[in-house]
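What's in start02.cif: mmCIF, C-alpha atoms
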```cif
data_upload
#
loop_
_atom_site.label_atom_id
_atom_site.label_comp_id
_atom_site.auth_asym_id
_atom_site.auth_seq_id
_atom_site.Cartn_x
_atom_site.Cartn_y
_atom_site.Cartn_z
CA MET K 212 0.00 0.00 0.00
CA PRO K 213 1.54 3.42 -0.95
CA ARG K 214 2.40 5.59 1.98
CA TRP K 215 -0.16 8.31 1.17
CA GLU K 216 -2.96 5.73 1.29
CA HIS K 217 -1.92 4.59 4.74
CA GLY K 218 -1.94 8.26 5.70
CA SER K 219 -5.54 8.57 4.53
CA GLU K 220 -6.69 5.71 6.70
CA ASP K 221 -5.07 7.17 9.80
CA ARG K 222 -6.41 10.65 9.04
CA LEU K 223 -9.91 9.21 8.59
CA LYS K 224 -9.72 7.48 11.98
CA THR K 225 -8.50 10.64 13.70
CA ALA K 226 -11.11 12.81 11.96
CA ALA K 227 -13.92 10.40 12.87
CA ILE K 228 -13.03 10.25 16.56
CA GLU K 229 -12.66 14.05 16.71
CA LEU K 230 -16.05 14.63 15.08
CA PHE K 231 -17.81 11.96 17.17
CA ALA K 232 -16.39 13.59 20.32
CA GLU K 233 -17.30 17.13 19.20
CA GLN K 234 -20.82 16.67 17.86
CA GLY K 235 -21.86 13.10 18.70
CA PHE K 236 -21.72 9.85 16.76
CA GLU K 237 -25.28 10.05 15.39
CA LYS K 238 -24.90 13.60 14.09
CA THR K 239 -21.67 12.92 12.21
CA SER K 240 -21.82 11.86 8.56
CA VAL K 241 -19.28 10.00 6.45
CA ILE K 242 -19.11 13.11 4.21
CA GLU K 243 -18.01 15.25 7.15
CA ILE K 244 -15.41 12.69 8.23
CA ALA K 245 -13.96 12.59 4.70
CA GLN K 246 -13.92 16.40 4.50
CA ARG K 247 -12.09 16.75 7.82
CA ALA K 248 -9.57 14.10 6.70
CA ARG K 249 -9.14 15.93 3.35
CA VAL K 250 -10.05 12.88 1.25
CA ALA K 251 -12.91 12.09 -1.15
CA THR K 252 -15.97 10.37 0.33
CA ARG K 253 -15.32 7.30 -1.84
CA THR K 254 -11.88 7.01 -0.20
CA PHE K 255 -13.64 6.54 3.13
CA PHE K 256 -15.49 3.53 1.73
CA ARG K 257 -12.25 2.04 0.42
CA TYR K 258 -11.22 1.55 4.06
CA PHE K 259 -14.44 1.20 6.07
CA PRO K 260 -17.92 -0.18 5.31
CA ASP K 261 -19.62 2.44 7.53
CA LYS K 262 -18.87 5.07 10.16
CA ARG K 263 -19.29 2.58 13.02
CA GLU K 264 -16.49 0.38 11.73
CA VAL K 265 -13.95 3.24 11.84
CA LEU K 266 -13.88 2.71 15.60
CA PHE K 267 -13.29 -1.05 15.31
CA ALA K 268 -11.02 -1.21 12.28
CA ASP K 269 -8.10 -2.68 14.26
CA ALA K 270 -10.08 -5.28 16.21
CA GLU K 271 -9.67 -8.31 13.93
CA ALA K 272 -5.95 -7.77 13.32
CA LEU K 273 -5.41 -7.20 17.04
CA ARG K 274 -7.24 -10.39 17.92
CA ALA K 275 -5.13 -12.35 15.43
CA VAL K 276 -1.90 -10.97 16.92
CA LEU K 277 -2.96 -11.80 20.48
CA VAL K 278 -4.14 -15.33 19.55
CA GLU K 279 -0.79 -15.93 17.85
CA ARG K 280 1.04 -14.83 21.00
CA ILE K 281 -0.95 -17.33 23.07
CA LEU K 282 -0.16 -20.06 20.54
CA GLN K 283 3.56 -19.15 20.70
CA ALA K 284 3.82 -18.57 24.48
CA PRO K 285 6.61 -20.63 26.07
CA ASP K 286 4.37 -21.84 28.89
CA VAL K 287 0.59 -22.25 29.34
CA ALA K 288 0.67 -23.63 32.88
CA GLU K 289 -0.95 -20.42 34.19
CA PRO K 290 -3.60 -19.66 31.56
CA LEU K 291 -5.28 -16.74 33.36
CA GLN K 292 -2.00 -14.90 33.82
CA LEU K 293 -1.05 -15.73 30.26
CA VAL K 294 -4.19 -14.05 28.87
CA VAL K 295 -3.67 -10.93 31.00
CA ARG K 296 0.03 -10.84 30.22
CA VAL K 297 -0.47 -11.17 26.47
CA LEU K 298 -3.06 -8.37 26.50
CA ALA K 299 -0.93 -6.14 28.75
CA GLY K 300 2.19 -6.86 26.69
CA PHE K 301 0.65 -5.53 23.48
CA ASP K 302 1.83 -2.05 22.48
CA TRP K 303 -1.54 -0.32 22.77
CA GLU K 304 -0.10 3.07 21.87
CA SER K 305 0.65 1.67 18.41
CA LEU K 306 -3.15 1.97 17.85
CA GLY K 307 -3.08 5.72 18.51
CA SER K 308 -2.23 8.07 21.35
CA ARG K 309 -3.71 7.42 24.77
CA GLU K 310 -5.70 10.63 24.35
CA SER K 311 -7.30 9.37 21.12
CA GLN K 312 -8.10 6.01 22.76
CA ARG K 313 -9.66 7.86 25.68
CA ARG K 314 -11.84 9.87 23.29
CA ARG K 315 -12.71 6.69 21.36
CA HIS K 316 -13.97 5.07 24.56
CA ALA K 317 -15.95 8.12 25.59
CA VAL K 318 -17.75 7.93 22.22
CA ILE K 319 -18.38 4.18 22.62
CA ASP K 320 -19.70 4.57 26.17
CA ALA K 321 -22.11 7.29 25.07
CA ASN K 322 -23.71 5.20 22.31
CA PRO K 323 -25.43 1.84 23.03
CA ASP K 324 -24.96 0.61 19.43
CA LEU K 325 -21.22 1.17 19.67
CA LEU K 326 -21.07 -0.39 23.12
CA GLU K 327 -22.79 -3.52 21.77
CA ARG K 328 -20.21 -3.69 19.01
CA ASP K 329 -17.36 -3.23 21.50
CA LEU K 330 -18.73 -5.99 23.73
CA ILE K 331 -19.07 -8.46 20.87
CA LYS K 332 -15.44 -7.77 19.91
CA HIS K 333 -14.43 -8.74 23.46
CA HIS K 334 -16.65 -11.81 23.21
CA ARG K 335 -14.97 -12.87 19.95
CA ALA K 336 -11.56 -12.25 21.47
CA ALA K 337 -12.54 -14.51 24.39
CA ALA K 338 -13.60 -17.23 21.92
CA GLY K 339 -10.30 -16.89 20.05
CA PHE K 340 -8.24 -17.05 23.26
CA THR K 341 -10.23 -20.07 24.47
CA GLU K 342 -9.55 -21.91 21.24
CA ALA K 343 -5.84 -20.99 21.34
CA LEU K 344 -5.50 -22.23 24.94
CA ARG K 345 -7.30 -25.46 24.02
CA ARG K 346 -4.91 -25.98 21.12
CA ARG K 347 -2.08 -25.59 23.63
CA GLY K 348 -3.56 -28.44 25.66
CA VAL K 349 -5.42 -26.48 28.35
CA ASP K 350 -8.64 -28.15 29.56
CA ALA K 351 -11.62 -26.69 27.68
CA ASP K 352 -13.51 -25.49 30.78
CA VAL K 353 -10.40 -23.91 32.29
CA ALA K 354 -9.56 -22.28 28.95
CA ARG K 355 -13.02 -20.71 28.69
CA LEU K 356 -12.94 -19.34 32.24
CA ALA K 357 -9.35 -18.07 31.92
CA ALA K 358 -10.17 -16.27 28.66
CA ALA K 359 -13.39 -14.68 29.94
CA VAL K 360 -11.98 -13.59 33.31
CA GLY K 361 -8.61 -12.57 31.85
CA ILE K 362 -10.32 -10.20 29.41
CA GLU K 363 -12.36 -8.62 32.23
CA VAL K 364 -9.27 -8.20 34.39
CA PHE K 365 -7.25 -6.70 31.57
CA PHE K 366 -9.91 -4.27 30.36
CA ALA K 367 -10.52 -3.09 33.92
CA ALA K 368 -6.79 -2.27 33.94
CA TYR K 369 -6.93 -0.72 30.47
CA ARG K 370 -9.75 1.60 31.56
CA GLU K 371 -7.70 2.66 34.58
CA TRP K 372 -4.71 3.22 32.32
CA LEU K 373 -6.74 5.44 29.97
CA GLU K 374 -7.63 7.68 32.90
CA ALA K 375 -4.24 7.54 34.65
CA ALA K 376 -1.33 9.99 34.59
CA GLU K 377 0.83 9.87 31.46
CA THR K 378 3.63 8.04 33.28
CA ALA K 379 1.47 5.10 34.42
CA GLU K 380 2.45 1.80 32.82
CA LEU K 381 -0.28 -0.53 31.59
CA SER K 382 1.74 -3.61 32.55
CA ARG K 383 1.99 -2.39 36.14
CA ILE K 384 -1.72 -1.51 36.36
CA SER K 385 -2.58 -4.97 34.96
CA GLU K 386 -0.35 -6.60 37.54
CA ARG K 387 -2.12 -4.65 40.29
CA MET K 388 -5.49 -5.71 38.87
CA MET K 389 -4.43 -9.39 39.01
CA SER K 390 -3.43 -8.86 42.64
CA ARG K 391 -6.81 -7.27 43.29
CA LEU K 392 -8.50 -10.35 41.81
CA ALA K 393 -6.36 -12.55 44.08
CA THR K 394 -7.51 -10.60 47.15
CA ILE K 395 -11.19 -11.11 46.32
CA THR K 396 -10.90 -14.76 45.22
CA PRO K 397 -11.15 -17.26 48.07
CA GLY K 398 -8.39 -19.85 48.25
CA GLY K 399 -10.73 -22.70 47.39
CA SER K 400 -10.12 -24.33 50.77
CA PRO K 401 -12.69 -26.86 52.11
CA LYS K 402 -13.64 -24.29 54.78
CA TRP K 403 -14.48 -21.70 52.16
CA ARG K 404 -16.44 -24.19 50.10
CA TRP K 405 -18.50 -25.06 53.11
CA LYS K 406 -19.18 -21.38 53.86
CA PHE K 407 -20.15 -20.75 50.24
CA GLY K 408 -22.52 -23.70 50.29
CA GLN K 409 -24.16 -22.43 53.49
CA ALA K 410 -24.42 -18.90 52.14
CA LEU K 411 -26.11 -20.18 48.99
CA LYS K 412 -28.80 -21.87 51.04
CA ALA K 413 -29.40 -18.59 52.89
CA VAL K 414 -30.01 -16.47 49.75
CA MET W 99 -53.44 -7.92 34.85
CA PRO W 100 -56.15 -10.55 34.16
CA ARG W 101 -54.93 -14.12 34.11
CA TRP W 102 -55.61 -14.66 30.39
CA GLU W 103 -53.36 -11.73 29.51
CA HIS W 104 -50.48 -13.17 31.49
CA GLY W 105 -51.10 -16.42 29.61
CA SER W 106 -50.76 -14.57 26.28
CA GLU W 107 -47.38 -13.18 27.21
CA ASP W 108 -46.03 -16.60 28.19
CA ARG W 109 -47.50 -18.24 25.09
CA LEU W 110 -45.89 -15.53 22.90
CA LYS W 111 -42.49 -16.17 24.50
CA THR W 112 -42.79 -19.93 24.03
CA ALA W 113 -44.02 -19.58 20.45
CA ALA W 114 -41.21 -17.17 19.55
CA ILE W 115 -38.44 -19.42 20.90
CA GLU W 116 -39.96 -22.45 19.16
CA LEU W 117 -40.18 -20.66 15.81
CA PHE W 118 -36.69 -19.11 16.10
CA ALA W 119 -35.28 -22.59 16.83
CA GLU W 120 -37.22 -24.24 14.01
CA GLN W 121 -36.75 -21.79 11.15
CA GLY W 122 -34.25 -19.20 12.35
CA PHE W 123 -34.63 -15.77 13.95
CA GLU W 124 -34.41 -13.77 10.71
CA LYS W 125 -37.03 -15.84 8.91
CA THR W 126 -39.62 -15.61 11.68
CA SER W 127 -42.18 -12.77 11.60
CA VAL W 128 -44.22 -11.27 14.42
CA ILE W 129 -47.34 -12.42 12.55
CA GLU W 130 -46.19 -16.04 12.72
CA ILE W 131 -45.34 -15.75 16.41
CA ALA W 132 -48.80 -14.34 17.16
CA GLN W 133 -50.49 -17.08 15.10
CA ARG W 134 -48.61 -19.86 16.89
CA ALA W 135 -49.49 -18.29 20.26
CA ARG W 136 -53.17 -17.97 19.14
CA VAL W 137 -53.34 -14.21 19.76
CA ALA W 138 -53.86 -11.21 17.48
CA THR W 139 -50.74 -9.52 16.10
CA ARG W 140 -51.60 -6.33 17.98
CA THR W 141 -51.52 -8.34 21.23
CA PHE W 142 -47.86 -9.12 20.51
CA PHE W 143 -47.10 -5.40 20.41
CA ARG W 144 -48.90 -4.87 23.70
CA TYR W 145 -46.11 -6.86 25.35
CA PHE W 146 -43.02 -6.43 23.16
CA PRO W 147 -41.70 -3.63 20.92
CA ASP W 148 -40.22 -6.11 18.41
CA LYS W 149 -39.37 -9.80 17.99
CA ARG W 150 -35.87 -9.34 19.40
CA GLU W 151 -37.20 -8.10 22.72
CA VAL W 152 -39.25 -11.28 23.28
CA LEU W 153 -35.95 -12.96 24.17
CA PHE W 154 -34.95 -10.25 26.65
CA ALA W 155 -38.30 -9.38 28.20
CA ASP W 156 -37.26 -10.49 31.70
CA ALA W 157 -33.84 -8.86 31.74
CA GLU W 158 -34.70 -5.54 33.41
CA ALA W 159 -36.90 -7.08 36.11
CA LEU W 160 -34.27 -9.74 36.77
CA ARG W 161 -31.55 -7.13 37.12
CA ALA W 162 -33.68 -5.15 39.58
CA VAL W 163 -34.29 -8.27 41.72
CA LEU W 164 -30.59 -9.16 41.79
CA VAL W 165 -29.49 -5.59 42.59
CA GLU W 166 -31.99 -5.54 45.46
CA ARG W 167 -30.55 -8.79 46.83
CA ILE W 168 -27.07 -7.28 46.82
CA LEU W 169 -28.41 -4.20 48.60
CA GLN W 170 -30.10 -6.43 51.21
CA ALA W 171 -27.31 -9.01 51.64
CA PRO W 172 -26.31 -9.45 55.29
CA ASP W 173 -22.59 -9.20 54.49
CA VAL W 174 -20.57 -7.63 51.64
CA ALA W 175 -17.11 -8.57 52.96
CA GLU W 176 -16.65 -11.02 50.06
CA PRO W 177 -18.07 -9.11 47.08
CA LEU W 178 -17.06 -11.58 44.35
CA GLN W 179 -18.71 -14.51 46.11
CA LEU W 180 -21.72 -12.33 46.87
CA VAL W 181 -22.26 -11.57 43.17
CA VAL W 182 -21.94 -15.24 42.18
CA ARG W 183 -24.09 -16.35 45.10
CA VAL W 184 -26.88 -13.87 44.35
CA LEU W 185 -26.92 -14.94 40.67
CA ALA W 186 -26.78 -18.66 41.55
CA GLY W 187 -29.44 -18.23 44.23
CA PHE W 188 -32.02 -16.87 41.79
CA ASP W 189 -34.69 -19.37 40.73
CA TRP W 190 -33.78 -19.48 37.03
CA GLU W 191 -36.44 -22.07 36.28
CA SER W 192 -39.04 -19.44 37.15
CA LEU W 193 -38.11 -17.87 33.77
CA GLY W 194 -39.05 -21.04 31.88
CA SER W 195 -37.97 -24.66 31.69
CA ARG W 196 -34.30 -25.45 31.32
CA GLU W 197 -35.09 -26.81 27.87
CA SER W 198 -36.64 -23.50 26.77
CA GLN W 199 -33.65 -21.58 28.17
CA ARG W 200 -31.32 -23.93 26.29
CA ARG W 201 -33.20 -23.24 23.06
CA ARG W 202 -33.21 -19.51 23.78
CA HIS W 203 -29.42 -19.53 24.09
CA ALA W 204 -28.98 -21.59 20.94
CA VAL W 205 -30.96 -18.90 19.07
CA ILE W 206 -28.92 -16.09 20.65
CA ASP W 207 -25.60 -17.79 19.86
CA ALA W 208 -26.60 -18.25 16.22
CA ASN W 209 -27.43 -14.58 15.65
CA PRO W 210 -24.84 -11.78 16.13
CA ASP W 211 -27.52 -9.11 16.69
CA LEU W 212 -29.03 -11.13 19.51
CA LEU W 213 -25.63 -11.91 20.97
CA GLU W 214 -24.84 -8.18 21.05
CA ARG W 215 -28.08 -7.56 22.89
CA ASP W 216 -27.34 -10.38 25.35
CA LEU W 217 -23.86 -9.00 26.02
CA ILE W 218 -25.13 -5.49 26.68
CA LYS W 219 -27.64 -6.91 29.18
CA HIS W 220 -24.74 -8.52 31.05
CA HIS W 221 -22.85 -5.24 30.84
CA ARG W 222 -25.81 -3.34 32.34
CA ALA W 223 -26.15 -5.98 35.05
CA ALA W 224 -22.45 -5.50 35.88
CA ALA W 225 -23.00 -1.73 36.14
CA GLY W 226 -26.00 -2.28 38.42
CA PHE W 227 -24.10 -4.70 40.67
CA THR W 228 -21.12 -2.34 40.83
CA GLU W 229 -23.35 0.52 41.93
CA ALA W 230 -25.11 -1.68 44.52
CA LEU W 231 -21.78 -2.86 45.98
CA ARG W 232 -20.55 0.74 46.12
CA ARG W 233 -23.69 1.76 47.96
CA ARG W 234 -22.90 -1.01 50.44
CA GLY W 235 -19.50 0.59 51.07
CA VAL W 236 -17.32 -1.59 48.83
CA ASP W 237 -14.37 0.25 47.26
CA ALA W 238 -15.32 1.37 43.72
CA ASP W 239 -12.47 -0.45 41.95
CA VAL W 240 -13.08 -3.67 43.87
CA ALA W 241 -16.82 -3.40 43.21
CA ARG W 242 -16.26 -3.04 39.46
CA LEU W 243 -13.91 -6.02 39.28
CA ALA W 244 -16.10 -8.22 41.51
CA ALA W 245 -19.19 -7.46 39.40
CA ALA W 246 -17.46 -8.05 36.05
CA VAL W 247 -15.67 -11.24 37.09
CA GLY W 248 -18.62 -12.55 39.12
CA ILE W 249 -20.88 -12.30 36.09
CA GLU W 250 -18.36 -14.20 33.93
CA VAL W 251 -17.98 -16.91 36.56
CA PHE W 252 -21.71 -17.28 37.03
CA PHE W 253 -22.61 -17.37 33.32
CA ALA W 254 -19.87 -19.94 32.68
CA ALA W 255 -21.66 -22.03 35.33
CA TYR W 256 -25.09 -21.24 33.89
CA ARG W 257 -23.98 -22.44 30.43
CA GLU W 258 -22.72 -25.68 31.98
CA TRP W 259 -26.01 -26.04 33.84
CA LEU W 260 -28.02 -25.61 30.62
CA GLU W 261 -26.09 -28.51 29.07
CA ALA W 262 -25.95 -30.68 32.21
CA ALA W 263 -28.12 -33.62 33.26
CA GLU W 264 -31.54 -32.68 34.66
CA THR W 265 -30.43 -33.41 38.24
CA ALA W 266 -27.47 -30.99 38.22
CA GLU W 267 -27.89 -28.07 40.62
CA LEU W 268 -26.91 -24.60 39.45
CA SER W 269 -25.69 -23.64 42.93
CA ARG W 270 -23.31 -26.60 42.97
CA ILE W 271 -22.00 -25.90 39.47
CA SER W 272 -21.44 -22.24 40.43
CA GLU W 273 -19.56 -23.32 43.52
CA ARG W 274 -17.33 -25.57 41.39
CA MET W 275 -16.75 -22.67 38.96
CA MET W 276 -15.60 -20.44 41.86
CA SER W 277 -13.22 -23.21 42.92
CA ARG W 278 -11.94 -23.40 39.35
CA LEU W 279 -11.29 -19.65 39.41
CA ALA W 280 -9.40 -20.11 42.70
CA THR W 281 -7.17 -22.76 41.13
CA ILE W 282 -6.18 -20.47 38.23
CA THR W 283 -5.77 -17.29 40.30
CA PRO W 284 -2.33 -16.89 41.84
CA GLY W 285 -2.23 -16.10 45.54
CA GLY W 286 -0.86 -12.64 44.95
CA SER W 287 2.33 -13.52 46.82
CA PRO W 288 5.45 -11.38 46.26
CA LYS W 289 7.03 -14.35 44.44
CA TRP W 290 4.15 -14.50 41.97
CA ARG W 291 4.23 -10.76 41.45
CA TRP W 292 7.89 -10.93 40.62
CA LYS W 293 7.30 -13.79 38.16
CA PHE W 294 4.46 -11.88 36.53
CA GLY W 295 6.63 -8.80 36.18
CA GLN W 296 9.43 -10.83 34.56
CA ALA W 297 7.01 -12.59 32.25
CA LEU W 298 5.59 -9.26 31.10
CA LYS W 299 9.04 -8.08 30.11
CA ALA W 300 9.54 -11.28 28.09
CA VAL W 301 6.35 -10.92 26.00
#
```
For this file, produce the structure as structure tokens.
Amino acid sequence: MPRWEHGSEDRLKTAAIELFAEQGFEKTSVIEIAQRARVATRTFFRYFPDKREVLFADAEALRAVLVERILQAPDVAEPLQLVVRVLAGFDWESLGSRESQRRRHAVIDANPDLLERDLIKHHRAAAGFTEALRRRGVDADVARLAAAVGIEVFFAAYREWLEAAETAELSRISERMMSRLATITPGGSPKWRWKFGQALKAV
Amino acid sequence: MPRWEHGSEDRLKTAAIELFAEQGFEKTSVIEIAQRARVATRTFFRYFPDKREVLFADAEALRAVLVERILQAPDVAEPLQLVVRVLAGFDWESLGSRESQRRRHAVIDANPDLLERDLIKHHRAAAGFTEALRRRGVDADVARLAAAVGIEVFFAAYREWLEAAETAELSRISERMMSRLATITPGGSPKWRWKFGQALKAV
């Protein structure tokens, strides 16, 4: 792809997020996005099927990269940590500045259609991670739980990172989030199991 | 509400799930659902805005019940267990037979639009649980993580329950799922934290 074309795609993404943040997702048209990015409207459609997809253009490629890292990981003995670690180890700033990601999420949170799309991307990522862990020999039920919980833990950290001071490291916030999970997860001792069983009867 | 009207609503739900399972969600019309349920088409619209909402009619009431149980729980010292326990303690069979719930989920899984809607219902439930835990004095970050992870743990158990033998108890499967989470969550010891930090650098 010639360099100027790659430039168009990035300018379209930036223009779309700016306009969505300024005037709302619903009120922004593809024509306006193309104008702000200084490209023809048909150029927009060369990269994206509609204005919603501008916000999720990287999702499939990102999922493929992360799945590949799980498949190539030296060790899958700790699948939950592996999922969090692979997510936290990705260079998120390669997708755009933290400020642009923050604005992107503000737009998504303000629009139920976009939020649905964001959630299904997480769901598909979880399915991809589950399958990758299974291919590495992890028990299917463990793989599913590790993928689902790992994604929740990581994105809780990612949201904190978006709001944090510029110097905060995502890897360190993710590590703290895993520790937080450890503090609220009972050790699985017989005593706890008994208490949980009793508590269930009381609800 | 007179008894016959309540009967119409239930018959519409049953008819819709049957037809979606038989011929697909897209191919089923509101007219067909009403015919199978032996009511007029306008009766359908007295209960549901569209055919998608038939599958999610109970979601808001269910969320309100569960939030109330968190607000009324005797103890919030273990917020993750509380979320799982409140979900597992609900009488899910009051929403319809396990077989009809199994069919409902098969329809949802086969249709991306429905899956998006299902995911956003979970997301809203997580927001409601987070707010309820916060109102009970739980730290905001802990509340958010406990709600998000608790919902993943419970629905992993619920999916197993849908597929399990008729005698399987949801509370017991949920308990086993919490134990599974405990086995894949590191204890948060300094040694683990160091290992996690090293592993992150290696990704």
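Note that the spacing between CA of Glu386 in chain K and CA of Ala358 in chain K amounts to 16.4 Å.
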Residues of chain W within 9 Å of chain K, using only C-alpha atoms, as a short mmCIF file (atom, residue, chain, number, x, y, z; two decimals) with C-alpha atoms, in the frame of the given file?
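Wrote iface_12.cif, looks like this:
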```
data_model
loop_
_atom_site.label_atom_id
_atom_site.label_comp_id
_atom_site.auth_asym_id
_atom_site.auth_seq_id
_atom_site.Cartn_x
_atom_site.Cartn_y
_atom_site.Cartn_z
CA ARG W 167 -30.55 -8.79 46.83
CA ALA W 171 -27.31 -9.01 51.64
CA GLU W 176 -16.65 -11.02 50.06
CA PRO W 177 -18.07 -9.11 47.08
CA LEU W 178 -17.06 -11.58 44.35
CA GLN W 179 -18.71 -14.51 46.11
CA LEU W 180 -21.72 -12.33 46.87
CA ARG W 183 -24.09 -16.35 45.10
CA VAL W 184 -26.88 -13.87 44.35
CA ALA W 186 -26.78 -18.66 41.55
CA GLY W 187 -29.44 -18.23 44.23
CA PHE W 188 -32.02 -16.87 41.79
CA PRO W 210 -24.84 -11.78 16.13
CA ASP W 211 -27.52 -9.11 16.69
CA LEU W 213 -25.63 -11.91 20.97
CA GLU W 214 -24.84 -8.18 21.05
CA ARG W 215 -28.08 -7.56 22.89
CA ASP W 216 -27.34 -10.38 25.35
CA LEU W 217 -23.86 -9.00 26.02
CA ILE W 218 -25.13 -5.49 26.68
CA HIS W 221 -22.85 -5.24 30.84
CA ASP W 239 -12.47 -0.45 41.95
CA VAL W 240 -13.08 -3.67 43.87
CA ARG W 242 -16.26 -3.04 39.46
CA LEU W 243 -13.91 -6.02 39.28
CA ALA W 244 -16.10 -8.22 41.51
CA ALA W 246 -17.46 -8.05 36.05
CA VAL W 247 -15.67 -11.24 37.09
CA GLY W 248 -18.62 -12.55 39.12
CA GLU W 250 -18.36 -14.20 33.93
CA VAL W 251 -17.98 -16.91 36.56
CA ALA W 254 -19.87 -19.94 32.68
CA SER W 269 -25.69 -23.64 42.93
CA ARG W 270 -23.31 -26.60 42.97
CA GLU W 273 -19.56 -23.32 43.52
CA ARG W 274 -17.33 -25.57 41.39
CA MET W 275 -16.75 -22.67 38.96
CA MET W 276 -15.60 -20.44 41.86
CA SER W 277 -13.22 -23.21 42.92
CA ARG W 278 -11.94 -23.40 39.35
CA LEU W 279 -11.29 -19.65 39.41
CA ALA W 280 -9.40 -20.11 42.70
CA THR W 281 -7.17 -22.76 41.13
CA ILE W 282 -6.18 -20.47 38.23
CA THR W 283 -5.77 -17.29 40.30
CA PRO W 284 -2.33 -16.89 41.84
CA GLY W 285 -2.23 -16.10 45.54
CA GLY W 286 -0.86 -12.64 44.95
CA SER W 287 2.33 -13.52 46.82
CA ARG W 291 4.23 -10.76 41.45
CA PHE W 294 4.46 -11.88 36.53
CA GLY W 295 6.63 -8.80 36.18
CA ALA W 297 7.01 -12.59 32.25
CA LEU W 298 5.59 -9.26 31.10
CA LYS W 299 9.04 -8.08 30.11
CA ALA W 300 9.54 -11.28 28.09
CA VAL W 301 6.35 -10.92 26.00
#
```
Selected residue of minimal separation from Glu107 in chain W among W:Thr141, W:Thr265, W:Gln199, W:Thr228, counting all atoms listed in the file: W:Thr141
Of the residues K:Arg335, K:Ala376, K:Ala321, K:Tyr258, which is the one nearest to Gln234 in chain K, using all atoms listed in the file? K:Ala321
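Taken over the whole file, the PyMOL selection byres ((chain K and resi 228) around 8) covers exactly K:Lys224, K:Thr225, K:Ala226, K:Ala227, K:Glu229, K:Leu230, K:Phe231, K:Ala232, K:Leu266, K:Ser311, K:Arg314, K:Arg315, K:Val318.
Within 8 Å of the point (-10.0, -10.0, 16.5) in file coordinates, and counting all atoms listed in the file, lie the residues Asp269, Ala270, Glu271, Ala272, Leu273, Arg274, Ala275, Lys332, Arg335, Ala336 and Gly339 of chain K.
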Between K:Asp221, K:Ala251, K:Gln283, K:Asn322, which one has atoms that come closest to Ser305 in chain K, using all atoms listed in the file? K:Asp221
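The space separating CA of Asp207 in chain W from CA of Glu124 in chain W comes to 13.3 Å.
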Calculate how many Å separate CA of Ser195 in chain W from CA of Glu261 in chain W, rounding to one decimal. 12.8 Å
Which residue of K:Arg370, K:Lys238, K:Arg247, K:Arg222 approaches Ala317 in chain K most closely, using all atoms listed in the file: K:Arg370
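For the set W:Tyr256, W:Glu166, W:Leu231, W:Gly122, the residue with the smallest atom-to-atom gap to Leu268 in chain W is W:Tyr256, counting all atoms listed in the file.
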Could you put an axis-aligned box around every listed atom of range 308-313 of chain K, padded by 5 Å on each side, and send me its centre and edge lengths in Å to one decimal, as lines of an AutoDock Vina configuration file?
```
center_x = -5.9
center_y = 8.3
center_z = 23.4
size_x = 17.4
size_y = 14.6
size_z = 14.6
```
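Within 10 Å of Gln246 in chain K, once all atoms listed in the file are used and residues closer than 5 positions along the same chain are dropped, the contacting residues are Leu223, Ala226, Ser240, Val241, Ala251, Thr252 and Phe255 of chain K.
Nearest to Leu277 in chain K of all the residues K:Val349, K:Ile319, K:Val294, K:Leu325 is K:Val294, based on only C-alpha atoms.
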